[in-house]
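S.K.: Hey, dropping target30.cif in here, mmCIF, N, CA and C atoms:
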```cif
data_start
#
loop_
_atom_site.label_atom_id
_atom_site.label_comp_id
_atom_site.auth_asym_id
_atom_site.auth_seq_id
_atom_site.Cartn_x
_atom_site.Cartn_y
_atom_site.Cartn_z
N MET A 107 -9.24 69.20 31.27
CA MET A 107 -8.70 70.33 31.99
C MET A 107 -9.30 70.34 33.40
N ASP A 108 -8.47 70.46 34.41
CA ASP A 108 -8.94 70.49 35.79
C ASP A 108 -9.64 71.80 36.09
N LYS A 109 -10.78 71.71 36.75
CA LYS A 109 -11.52 72.90 37.15
C LYS A 109 -11.12 73.25 38.58
N PRO A 110 -10.86 74.53 38.85
CA PRO A 110 -10.42 74.93 40.19
C PRO A 110 -11.59 74.94 41.18
N GLU A 111 -12.09 73.75 41.52
CA GLU A 111 -13.27 73.63 42.37
C GLU A 111 -13.02 74.03 43.81
N ASN A 112 -11.81 73.92 44.28
CA ASN A 112 -11.51 74.22 45.67
C ASN A 112 -11.16 75.69 45.91
N THR A 113 -11.26 76.51 44.87
CA THR A 113 -10.96 77.92 45.02
C THR A 113 -12.00 78.59 45.90
N ASP A 114 -11.52 79.45 46.80
CA ASP A 114 -12.43 80.23 47.64
C ASP A 114 -12.81 81.49 46.86
N TRP A 115 -13.85 81.37 46.05
CA TRP A 115 -14.25 82.44 45.16
C TRP A 115 -14.64 83.71 45.92
N ARG A 116 -15.17 83.57 47.12
CA ARG A 116 -15.60 84.76 47.88
C ARG A 116 -14.41 85.63 48.28
N THR A 117 -13.24 85.06 48.43
CA THR A 117 -12.07 85.87 48.77
C THR A 117 -11.39 86.42 47.52
N LYS A 118 -11.55 85.77 46.39
CA LYS A 118 -10.92 86.21 45.15
C LYS A 118 -11.73 87.29 44.43
N LEU A 119 -13.04 87.22 44.53
CA LEU A 119 -13.93 88.09 43.75
C LEU A 119 -14.60 89.13 44.64
N THR A 120 -15.01 90.25 44.01
CA THR A 120 -15.84 91.21 44.72
C THR A 120 -17.22 90.58 44.92
N PRO A 121 -18.04 91.09 45.82
CA PRO A 121 -19.40 90.54 45.98
C PRO A 121 -20.20 90.56 44.68
N GLU A 122 -20.05 91.61 43.89
CA GLU A 122 -20.78 91.70 42.61
C GLU A 122 -20.28 90.65 41.62
N GLN A 123 -18.96 90.48 41.53
CA GLN A 123 -18.39 89.46 40.64
C GLN A 123 -18.83 88.07 41.08
N TYR A 124 -18.82 87.83 42.38
CA TYR A 124 -19.24 86.52 42.90
C TYR A 124 -20.70 86.25 42.51
N HIS A 125 -21.55 87.23 42.69
CA HIS A 125 -22.97 87.06 42.37
C HIS A 125 -23.16 86.69 40.89
N ILE A 126 -22.45 87.38 40.02
CA ILE A 126 -22.59 87.11 38.59
C ILE A 126 -21.97 85.77 38.21
N CYS A 127 -20.72 85.56 38.59
CA CYS A 127 -19.97 84.39 38.11
C CYS A 127 -20.31 83.08 38.81
N ARG A 128 -20.62 83.14 40.09
CA ARG A 128 -20.83 81.90 40.84
C ARG A 128 -22.31 81.66 41.16
N GLU A 129 -23.15 82.72 41.11
CA GLU A 129 -24.59 82.58 41.40
C GLU A 129 -25.46 82.88 40.18
N LYS A 130 -24.84 83.05 39.03
CA LYS A 130 -25.53 83.26 37.75
C LYS A 130 -26.36 84.54 37.73
N GLY A 131 -25.80 85.59 38.30
CA GLY A 131 -26.46 86.89 38.29
C GLY A 131 -26.22 87.63 36.98
N THR A 132 -26.78 88.83 36.90
CA THR A 132 -26.62 89.69 35.73
C THR A 132 -26.43 91.12 36.20
N GLU A 133 -25.47 91.81 35.61
CA GLU A 133 -25.29 93.23 35.93
C GLU A 133 -26.31 94.05 35.16
N PRO A 134 -26.65 95.23 35.65
CA PRO A 134 -27.59 96.09 34.91
C PRO A 134 -27.03 96.45 33.53
N ALA A 135 -27.91 96.52 32.55
CA ALA A 135 -27.51 96.91 31.20
C ALA A 135 -26.85 98.28 31.22
N PHE A 136 -25.84 98.44 30.37
CA PHE A 136 -25.10 99.69 30.18
C PHE A 136 -24.29 100.13 31.40
N SER A 137 -24.08 99.22 32.36
CA SER A 137 -23.35 99.58 33.58
C SER A 137 -21.90 99.11 33.58
N GLY A 138 -21.53 98.21 32.72
CA GLY A 138 -20.20 97.60 32.77
C GLY A 138 -19.11 98.47 32.17
N GLU A 139 -17.95 98.51 32.83
CA GLU A 139 -16.87 99.35 32.35
C GLU A 139 -16.22 98.83 31.07
N LEU A 140 -16.40 97.55 30.74
CA LEU A 140 -15.81 97.02 29.51
C LEU A 140 -16.75 97.12 28.31
N LEU A 141 -17.95 97.63 28.53
CA LEU A 141 -18.91 97.75 27.43
C LEU A 141 -18.34 98.57 26.28
N HIS A 142 -17.67 99.67 26.59
CA HIS A 142 -17.15 100.57 25.56
C HIS A 142 -15.66 100.41 25.32
N GLU A 143 -15.06 99.32 25.80
CA GLU A 143 -13.62 99.07 25.59
C GLU A 143 -13.36 98.81 24.11
N LYS A 144 -12.51 99.64 23.51
CA LYS A 144 -12.25 99.52 22.07
C LYS A 144 -10.80 99.22 21.73
N ARG A 145 -9.93 99.10 22.73
CA ARG A 145 -8.52 98.81 22.45
C ARG A 145 -8.35 97.36 21.99
N ASN A 146 -7.27 97.10 21.29
CA ASN A 146 -6.92 95.73 20.91
C ASN A 146 -6.44 94.99 22.14
N GLY A 147 -6.87 93.75 22.27
CA GLY A 147 -6.43 92.95 23.40
C GLY A 147 -7.29 91.72 23.59
N THR A 148 -7.21 91.17 24.80
CA THR A 148 -7.89 89.91 25.12
C THR A 148 -8.77 90.09 26.35
N PHE A 149 -9.98 89.57 26.25
CA PHE A 149 -10.91 89.54 27.37
C PHE A 149 -10.82 88.14 27.98
N ALA A 150 -10.60 88.09 29.29
CA ALA A 150 -10.39 86.82 29.99
C ALA A 150 -11.40 86.67 31.11
N CYS A 151 -11.51 85.45 31.62
CA CYS A 151 -12.38 85.14 32.75
C CYS A 151 -11.84 85.83 34.00
N ILE A 152 -12.67 86.55 34.71
CA ILE A 152 -12.25 87.25 35.93
C ILE A 152 -11.89 86.24 37.02
N CYS A 153 -12.44 85.05 36.97
CA CYS A 153 -12.19 84.04 38.01
C CYS A 153 -10.84 83.35 37.83
N CYS A 154 -10.60 82.82 36.64
CA CYS A 154 -9.42 81.97 36.44
C CYS A 154 -8.43 82.52 35.42
N GLU A 155 -8.75 83.65 34.82
CA GLU A 155 -7.88 84.34 33.87
C GLU A 155 -7.71 83.61 32.53
N ALA A 156 -8.55 82.63 32.25
CA ALA A 156 -8.50 81.95 30.95
C ALA A 156 -8.93 82.92 29.85
N PRO A 157 -8.18 83.01 28.75
CA PRO A 157 -8.60 83.88 27.64
C PRO A 157 -9.91 83.38 27.04
N LEU A 158 -10.85 84.31 26.83
CA LEU A 158 -12.17 83.94 26.33
C LEU A 158 -12.50 84.53 24.96
N PHE A 159 -12.22 85.84 24.80
CA PHE A 159 -12.60 86.55 23.58
C PHE A 159 -11.49 87.51 23.16
N SER A 160 -11.33 87.67 21.86
CA SER A 160 -10.40 88.66 21.31
C SER A 160 -11.18 89.94 21.02
N SER A 161 -10.50 91.07 21.15
CA SER A 161 -11.13 92.34 20.80
C SER A 161 -11.54 92.37 19.33
N ASP A 162 -10.89 91.56 18.50
CA ASP A 162 -11.25 91.50 17.08
C ASP A 162 -12.67 91.01 16.86
N ALA A 163 -13.22 90.26 17.81
CA ALA A 163 -14.56 89.70 17.67
C ALA A 163 -15.61 90.50 18.44
N LYS A 164 -15.23 91.63 19.04
CA LYS A 164 -16.16 92.45 19.82
C LYS A 164 -16.92 93.38 18.88
N PHE A 165 -18.20 93.59 19.18
CA PHE A 165 -19.01 94.52 18.39
C PHE A 165 -20.04 95.18 19.29
N ASP A 166 -20.58 96.29 18.84
CA ASP A 166 -21.60 97.01 19.59
C ASP A 166 -22.97 96.48 19.18
N SER A 167 -23.56 95.68 20.06
CA SER A 167 -24.86 95.08 19.75
C SER A 167 -26.01 95.98 20.16
N GLY A 168 -25.72 97.01 20.96
CA GLY A 168 -26.79 97.87 21.46
C GLY A 168 -27.55 97.26 22.63
N SER A 169 -27.10 96.08 23.10
CA SER A 169 -27.83 95.36 24.15
C SER A 169 -27.51 95.88 25.55
N GLY A 170 -26.38 96.58 25.70
CA GLY A 170 -25.98 97.07 27.02
C GLY A 170 -24.93 96.22 27.71
N TRP A 171 -24.50 95.15 27.07
CA TRP A 171 -23.44 94.28 27.60
C TRP A 171 -22.39 94.09 26.51
N PRO A 172 -21.13 93.85 26.92
CA PRO A 172 -20.12 93.54 25.91
C PRO A 172 -20.57 92.34 25.07
N SER A 173 -20.42 92.48 23.76
CA SER A 173 -20.88 91.43 22.85
C SER A 173 -19.76 91.03 21.90
N PHE A 174 -19.72 89.74 21.62
CA PHE A 174 -18.69 89.15 20.76
C PHE A 174 -19.37 88.18 19.80
N TYR A 175 -18.86 88.06 18.58
CA TYR A 175 -19.44 87.09 17.64
C TYR A 175 -18.67 85.78 17.59
N LEU A 176 -17.53 85.70 18.32
CA LEU A 176 -16.72 84.50 18.30
C LEU A 176 -15.94 84.39 19.60
N ALA A 177 -15.93 83.19 20.18
CA ALA A 177 -15.13 82.92 21.38
C ALA A 177 -13.81 82.28 20.96
N GLN A 178 -12.82 82.35 21.84
CA GLN A 178 -11.56 81.65 21.61
C GLN A 178 -11.85 80.15 21.55
N ASP A 179 -11.02 79.41 20.86
CA ASP A 179 -11.21 77.95 20.72
C ASP A 179 -11.28 77.28 22.09
N ASN A 180 -12.33 76.49 22.30
CA ASN A 180 -12.53 75.68 23.51
C ASN A 180 -12.56 76.50 24.81
N ALA A 181 -12.83 77.79 24.73
CA ALA A 181 -12.81 78.64 25.92
C ALA A 181 -14.16 78.73 26.62
N VAL A 182 -15.24 78.54 25.86
CA VAL A 182 -16.58 78.75 26.39
C VAL A 182 -17.40 77.47 26.26
N ALA A 183 -18.08 77.12 27.33
CA ALA A 183 -19.01 75.99 27.32
C ALA A 183 -20.43 76.55 27.32
N THR A 184 -21.38 75.75 26.87
CA THR A 184 -22.78 76.19 26.86
C THR A 184 -23.65 75.22 27.63
N LYS A 185 -24.76 75.76 28.11
CA LYS A 185 -25.71 74.97 28.88
C LYS A 185 -27.10 75.56 28.67
N SER A 186 -28.10 74.71 28.54
CA SER A 186 -29.47 75.17 28.39
C SER A 186 -29.92 75.90 29.66
N ASP A 187 -30.57 77.04 29.49
CA ASP A 187 -31.03 77.86 30.62
C ASP A 187 -32.49 78.21 30.39
N ASN A 188 -33.37 77.66 31.21
CA ASN A 188 -34.79 77.92 31.09
C ASN A 188 -35.33 78.74 32.26
N ALA A 189 -34.44 79.43 32.97
CA ALA A 189 -34.85 80.27 34.11
C ALA A 189 -35.65 81.47 33.61
N HIS A 190 -36.45 82.01 34.50
CA HIS A 190 -37.24 83.22 34.24
C HIS A 190 -38.20 83.05 33.07
N ASN A 191 -38.67 81.82 32.85
CA ASN A 191 -39.61 81.51 31.77
C ASN A 191 -39.08 81.89 30.39
N MET A 192 -37.77 81.81 30.22
CA MET A 192 -37.14 82.07 28.93
C MET A 192 -36.30 80.86 28.54
N LYS A 193 -36.22 80.61 27.25
CA LYS A 193 -35.36 79.54 26.74
C LYS A 193 -34.12 80.20 26.16
N ARG A 194 -32.99 80.04 26.87
CA ARG A 194 -31.74 80.67 26.45
C ARG A 194 -30.61 79.66 26.55
N THR A 195 -29.45 80.05 26.03
CA THR A 195 -28.25 79.24 26.14
C THR A 195 -27.24 80.01 26.97
N GLU A 196 -26.94 79.47 28.14
CA GLU A 196 -25.97 80.08 29.05
C GLU A 196 -24.56 79.81 28.53
N ILE A 197 -23.66 80.78 28.72
CA ILE A 197 -22.26 80.56 28.41
C ILE A 197 -21.46 80.59 29.71
N LEU A 198 -20.52 79.63 29.79
CA LEU A 198 -19.68 79.47 30.98
C LEU A 198 -18.23 79.38 30.57
N CYS A 199 -17.35 79.79 31.45
CA CYS A 199 -15.92 79.58 31.22
C CYS A 199 -15.68 78.07 31.21
N ALA A 200 -15.07 77.56 30.16
CA ALA A 200 -14.81 76.12 30.05
C ALA A 200 -13.81 75.64 31.09
N LYS A 201 -12.99 76.54 31.61
CA LYS A 201 -11.96 76.15 32.58
C LYS A 201 -12.50 76.08 34.01
N CYS A 202 -13.33 77.07 34.42
CA CYS A 202 -13.75 77.12 35.83
C CYS A 202 -15.26 77.16 36.04
N ASP A 203 -16.03 77.06 34.98
CA ASP A 203 -17.50 77.06 35.06
C ASP A 203 -18.10 78.38 35.51
N ALA A 204 -17.38 79.48 35.42
CA ALA A 204 -17.94 80.78 35.78
C ALA A 204 -19.05 81.14 34.80
N HIS A 205 -20.16 81.63 35.33
CA HIS A 205 -21.24 82.14 34.49
C HIS A 205 -20.75 83.42 33.83
N LEU A 206 -20.87 83.50 32.51
CA LEU A 206 -20.44 84.67 31.76
C LEU A 206 -21.61 85.49 31.24
N GLY A 207 -22.66 84.80 30.81
CA GLY A 207 -23.82 85.45 30.20
C GLY A 207 -24.57 84.45 29.35
N HIS A 208 -24.99 84.89 28.16
CA HIS A 208 -25.76 84.02 27.26
C HIS A 208 -25.31 84.25 25.82
N VAL A 209 -25.59 83.27 24.97
CA VAL A 209 -25.31 83.39 23.55
C VAL A 209 -26.63 83.32 22.79
N PHE A 210 -26.75 84.18 21.77
CA PHE A 210 -27.96 84.27 20.97
C PHE A 210 -27.58 84.14 19.50
N ASP A 211 -28.55 83.80 18.67
CA ASP A 211 -28.27 83.60 17.24
C ASP A 211 -28.65 84.81 16.40
N ASP A 212 -28.50 86.01 16.97
CA ASP A 212 -28.83 87.23 16.24
C ASP A 212 -27.61 88.14 16.04
N GLY A 213 -26.42 87.53 15.99
CA GLY A 213 -25.19 88.30 15.83
C GLY A 213 -24.81 88.51 14.38
N PRO A 214 -23.71 89.22 14.17
CA PRO A 214 -23.26 89.52 12.80
C PRO A 214 -22.53 88.34 12.15
N LYS A 215 -22.30 88.48 10.86
CA LYS A 215 -21.47 87.52 10.14
C LYS A 215 -20.06 87.65 10.66
N PRO A 216 -19.25 86.65 10.62
CA PRO A 216 -19.45 85.40 9.90
C PRO A 216 -20.15 84.32 10.72
N THR A 217 -20.33 84.47 12.04
CA THR A 217 -20.89 83.38 12.85
C THR A 217 -22.39 83.48 13.06
N GLY A 218 -22.92 84.69 13.03
CA GLY A 218 -24.34 84.89 13.34
C GLY A 218 -24.64 84.79 14.82
N LEU A 219 -23.58 84.72 15.65
CA LEU A 219 -23.76 84.57 17.10
C LEU A 219 -23.51 85.90 17.81
N ARG A 220 -24.17 86.05 18.96
CA ARG A 220 -23.92 87.19 19.85
C ARG A 220 -23.71 86.65 21.24
N TYR A 221 -22.44 86.58 21.64
CA TYR A 221 -22.09 86.23 23.01
C TYR A 221 -22.29 87.49 23.84
N CYS A 222 -23.31 87.51 24.65
CA CYS A 222 -23.68 88.66 25.48
C CYS A 222 -23.11 88.40 26.87
N VAL A 223 -22.08 89.17 27.26
CA VAL A 223 -21.27 88.84 28.43
C VAL A 223 -21.34 89.93 29.48
N ASN A 224 -21.46 89.53 30.73
CA ASN A 224 -21.39 90.48 31.83
C ASN A 224 -19.98 91.04 31.91
N SER A 225 -19.87 92.36 31.93
CA SER A 225 -18.57 93.02 32.03
C SER A 225 -17.83 92.59 33.29
N LEU A 226 -18.55 92.41 34.40
CA LEU A 226 -17.92 92.03 35.66
C LEU A 226 -17.37 90.60 35.66
N ALA A 227 -17.72 89.81 34.64
CA ALA A 227 -17.20 88.45 34.51
C ALA A 227 -15.88 88.43 33.74
N LEU A 228 -15.45 89.60 33.26
CA LEU A 228 -14.28 89.68 32.40
C LEU A 228 -13.18 90.56 32.98
N SER A 229 -11.95 90.26 32.57
CA SER A 229 -10.84 91.19 32.73
C SER A 229 -10.37 91.49 31.31
N PHE A 230 -9.64 92.59 31.15
CA PHE A 230 -9.15 92.96 29.83
C PHE A 230 -7.66 93.25 29.89
N THR A 231 -6.92 92.66 28.97
CA THR A 231 -5.50 92.92 28.85
C THR A 231 -5.24 93.49 27.46
N PRO A 232 -4.80 94.76 27.39
CA PRO A 232 -4.50 95.34 26.08
C PRO A 232 -3.26 94.71 25.46
N LYS A 233 -3.20 94.71 24.12
CA LYS A 233 -2.01 94.19 23.42
C LYS A 233 -0.86 95.13 23.61
#
```
Written as structure tokens, how would this file's structure read?
M.R.:
Amino acid sequence: MDKPENTDWRTKLTPEQYHICREKGTEPAFSGELLHEKRNGTFACICCEAPLFSSDAKFDSGSGWPSFYLAQDNAVATKSDNAHNMKRTEILCAKCDAHLGHVFDDGPKPTGLRYCVNSLALSFTPK
């Protein structure tokens, strides 16, 4: 899949979205407007609009960021992240390499995973 490397992300994204998605930033906990989104629908990458997560896989982790136990097939890539003296697994949009957040192994069944995602990295389309 071709990655949109020549996209001028600064003109497409707000400064906050750019910081999170292109500079690997993090929004403050409990600040994202999609944290409490409970409607049925699809959460997509704010950069390239690729579908990433279904509302069926969303759960309240109490972490302060939208959390999912399952990503759409081939939608999310992972990368080792040792920044800030922590050993974590970064999650990126597989289509455009946007930083989304991190995945942890403390989620609910059936996967045991918690995809902890910045709300500003997502768009939401209700069914």
S.K.: Please return, as a list in words, all polymer residues that have at least one atom within 6 Å of the point (-21.3, 87.2, 28.1); use only C-alpha atoms and the file's own coordinate frame.
M.R.: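 Those within range, by chain then number, are Leu206, Gly207, His208, Tyr221, Cys222, Val223 and Asn224 of chain A.
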S.K.: Could you give me, as a compact mmCIF listing (two decimals) with N, CA and C atoms, in the frame of the given file, each residue of chain A that DSSP assigns to helix (DSSP H, G or I) when run on this structure's backbone?
M.R.:
```txt
# COMPACT_ATOMS: atom_id res chain seq x y z
N TRP A 115 -13.85 81.37 46.05
CA TRP A 115 -14.25 82.44 45.16
C TRP A 115 -14.64 83.71 45.92
N ARG A 116 -15.17 83.57 47.12
CA ARG A 116 -15.60 84.76 47.88
C ARG A 116 -14.41 85.63 48.28
N THR A 117 -13.24 85.06 48.43
CA THR A 117 -12.07 85.87 48.77
C THR A 117 -11.39 86.42 47.52
N LYS A 118 -11.55 85.77 46.39
CA LYS A 118 -10.92 86.21 45.15
C LYS A 118 -11.73 87.29 44.43
N PRO A 121 -18.04 91.09 45.82
CA PRO A 121 -19.40 90.54 45.98
C PRO A 121 -20.20 90.56 44.68
N GLU A 122 -20.05 91.61 43.89
CA GLU A 122 -20.78 91.70 42.61
C GLU A 122 -20.28 90.65 41.62
N GLN A 123 -18.96 90.48 41.53
CA GLN A 123 -18.39 89.46 40.64
C GLN A 123 -18.83 88.07 41.08
N TYR A 124 -18.82 87.83 42.38
CA TYR A 124 -19.24 86.52 42.90
C TYR A 124 -20.70 86.25 42.51
N HIS A 125 -21.55 87.23 42.69
CA HIS A 125 -22.97 87.06 42.37
C HIS A 125 -23.16 86.69 40.89
N ILE A 126 -22.45 87.38 40.02
CA ILE A 126 -22.59 87.11 38.59
C ILE A 126 -21.97 85.77 38.21
N CYS A 127 -20.72 85.56 38.59
CA CYS A 127 -19.97 84.39 38.11
C CYS A 127 -20.31 83.08 38.81
N ARG A 128 -20.62 83.14 40.09
CA ARG A 128 -20.83 81.90 40.84
C ARG A 128 -22.31 81.66 41.16
N GLU A 129 -23.15 82.72 41.11
CA GLU A 129 -24.59 82.58 41.40
C GLU A 129 -25.46 82.88 40.18
N SER A 161 -10.50 91.07 21.15
CA SER A 161 -11.13 92.34 20.80
C SER A 161 -11.54 92.37 19.33
N ASP A 162 -10.89 91.56 18.50
CA ASP A 162 -11.25 91.50 17.08
C ASP A 162 -12.67 91.01 16.86
N ALA A 163 -13.22 90.26 17.81
CA ALA A 163 -14.56 89.70 17.67
C ALA A 163 -15.61 90.50 18.44
N ALA A 189 -34.44 79.43 32.97
CA ALA A 189 -34.85 80.27 34.11
C ALA A 189 -35.65 81.47 33.61
N HIS A 190 -36.45 82.01 34.50
CA HIS A 190 -37.24 83.22 34.24
C HIS A 190 -38.20 83.05 33.07
N ASN A 191 -38.67 81.82 32.85
CA ASN A 191 -39.61 81.51 31.77
C ASN A 191 -39.08 81.89 30.39
N SER A 225 -19.87 92.36 31.93
CA SER A 225 -18.57 93.02 32.03
C SER A 225 -17.83 92.59 33.29
N LEU A 226 -18.55 92.41 34.40
CA LEU A 226 -17.92 92.03 35.66
C LEU A 226 -17.37 90.60 35.66
N ALA A 227 -17.72 89.81 34.64
CA ALA A 227 -17.20 88.45 34.51
C ALA A 227 -15.88 88.43 33.74
```
S.K.: The PyMOL selection byres ((chain A and resi 175-191) around 6) on the file shown: which residues, as a PyMOL selection string?
M.R.: chain A and resi 157-160+163-165+173-174+192-201+214+217+219-221
S.K.: I'd like the interatomic distance between atom C of Leu140 in chain A and atom C of Trp115 in chain A, to a tenth of an Å.
M.R.: 22.2 Å
S.K.: I'd like the residues picked by the PyMOL selection byres ((chain A and resi 126) around 8) written out as a list of chain:residue names, using the chain letters and numbers from the file.
M.R.: A:Thr120, A:Pro121, A:Glu122, A:Gln123, A:Tyr124, A:His125, A:Cys127, A:Arg128, A:Glu129, A:Lys130, A:Gly131, A:Thr132, A:Glu133, A:Ala204, A:His205, A:Leu206, A:Gly207, A:Asn224, A:Leu226, A:Ala227
S.K.: In Å, how far is it from atom C of Thr117 in chain A to atom C of Ser169 in chain A?
M.R.: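 Here the two named atoms are 28.8 Å from each other.
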S.K.: Looking at only C-alpha atoms, which of A:Gly170, A:Asp162, A:Ser225, A:Asp203 is the one that sits closest to Lys144 in chain A?
M.R.: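 Ranked by minimum distance to Lys144 in chain A, first place goes to A:Asp162.
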S.K.: Apply the PyMOL selection byres ((chain A and resi 233) around 7) to the displayed file and report the matching residues as a list of chain:residue names.
M.R.: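 The output of the PyMOL selection byres ((chain A and resi 233) around 7) on this file is A:Arg145, A:Asn146, A:Gly147, A:Thr148, A:Thr231, A:Pro232.
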S.K.: Which one is closest to Glu143 in chain A: A:Phe210, A:Gly218, A:Pro172, A:Ala156? Count all atoms listed in the file.
M.R.: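 Answer, going by the shortest atom-to-atom distance: A:Pro172.
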S.K.: To one decimal in Å, tell me the separation between atom N of Ala135 in chain A and atom N of Thr113 in chain A.
M.R.: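 Computing it gives 28.8 Å between the two atoms.
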S.K.: So which bits of range 124-232 of chain A end up strand (DSSP E) when you DSSP the backbone, as a PyMOL selection string?
M.R.: chain A and resi 147-151+157-160+164-165+173-174+182-187+194-199+205-210+220-223+228-232
S.K.: N, CA, C and O atoms for range 122-133 of chain A, written as a PDB file, in the frame of the given file, could you do that?
M.R.:
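Listing of out-v3.pdb after writing:
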```
ATOM      1  N   GLU A 122     -20.050  91.610  43.890  1.00  0.00           N
ATOM      2  CA  GLU A 122     -20.780  91.700  42.610  1.00  0.00           C
ATOM      3  C   GLU A 122     -20.280  90.650  41.620  1.00  0.00           C
ATOM      4  O   GLU A 122     -21.067  90.014  40.929  1.00  0.00           O
ATOM      5  N   GLN A 123     -18.960  90.480  41.530  1.00  0.00           N
ATOM      6  CA  GLN A 123     -18.390  89.460  40.640  1.00  0.00           C
ATOM      7  C   GLN A 123     -18.830  88.070  41.080  1.00  0.00           C
ATOM      8  O   GLN A 123     -19.157  87.229  40.242  1.00  0.00           O
ATOM      9  N   TYR A 124     -18.820  87.830  42.380  1.00  0.00           N
ATOM     10  CA  TYR A 124     -19.240  86.520  42.900  1.00  0.00           C
ATOM     11  C   TYR A 124     -20.700  86.250  42.510  1.00  0.00           C
ATOM     12  O   TYR A 124     -21.029  85.154  42.046  1.00  0.00           O
ATOM     13  N   HIS A 125     -21.550  87.230  42.690  1.00  0.00           N
ATOM     14  CA  HIS A 125     -22.970  87.060  42.370  1.00  0.00           C
ATOM     15  C   HIS A 125     -23.160  86.690  40.890  1.00  0.00           C
ATOM     16  O   HIS A 125     -23.926  85.788  40.564  1.00  0.00           O
ATOM     17  N   ILE A 126     -22.450  87.380  40.020  1.00  0.00           N
ATOM     18  CA  ILE A 126     -22.590  87.110  38.590  1.00  0.00           C
ATOM     19  C   ILE A 126     -21.970  85.770  38.210  1.00  0.00           C
ATOM     20  O   ILE A 126     -22.610  84.917  37.598  1.00  0.00           O
ATOM     21  N   CYS A 127     -20.720  85.560  38.590  1.00  0.00           N
ATOM     22  CA  CYS A 127     -19.970  84.390  38.110  1.00  0.00           C
ATOM     23  C   CYS A 127     -20.310  83.080  38.810  1.00  0.00           C
ATOM     24  O   CYS A 127     -20.277  82.018  38.191  1.00  0.00           O
ATOM     25  N   ARG A 128     -20.620  83.140  40.090  1.00  0.00           N
ATOM     26  CA  ARG A 128     -20.830  81.900  40.840  1.00  0.00           C
ATOM     27  C   ARG A 128     -22.310  81.660  41.160  1.00  0.00           C
ATOM     28  O   ARG A 128     -22.706  80.527  41.437  1.00  0.00           O
ATOM     29  N   GLU A 129     -23.150  82.720  41.110  1.00  0.00           N
ATOM     30  CA  GLU A 129     -24.590  82.580  41.400  1.00  0.00           C
ATOM     31  C   GLU A 129     -25.460  82.880  40.180  1.00  0.00           C
ATOM     32  O   GLU A 129     -26.666  83.000  40.309  1.00  0.00           O
ATOM     33  N   LYS A 130     -24.840  83.050  39.030  1.00  0.00           N
ATOM     34  CA  LYS A 130     -25.530  83.260  37.750  1.00  0.00           C
ATOM     35  C   LYS A 130     -26.360  84.540  37.730  1.00  0.00           C
ATOM     36  O   LYS A 130     -27.450  84.603  37.189  1.00  0.00           O
ATOM     37  N   GLY A 131     -25.800  85.590  38.300  1.00  0.00           N
ATOM     38  CA  GLY A 131     -26.460  86.890  38.290  1.00  0.00           C
ATOM     39  C   GLY A 131     -26.220  87.630  36.980  1.00  0.00           C
ATOM     40  O   GLY A 131     -25.553  87.130  36.073  1.00  0.00           O
ATOM     41  N   THR A 132     -26.780  88.830  36.900  1.00  0.00           N
ATOM     42  CA  THR A 132     -26.620  89.690  35.730  1.00  0.00           C
ATOM     43  C   THR A 132     -26.430  91.120  36.200  1.00  0.00           C
ATOM     44  O   THR A 132     -27.157  91.580  37.082  1.00  0.00           O
ATOM     45  N   GLU A 133     -25.470  91.810  35.610  1.00  0.00           N
ATOM     46  CA  GLU A 133     -25.290  93.230  35.930  1.00  0.00           C
ATOM     47  C   GLU A 133     -26.310  94.050  35.160  1.00  0.00           C
ATOM     48  O   GLU A 133     -26.799  93.617  34.109  1.00  0.00           O
TER      49      GLU A 133
END
```
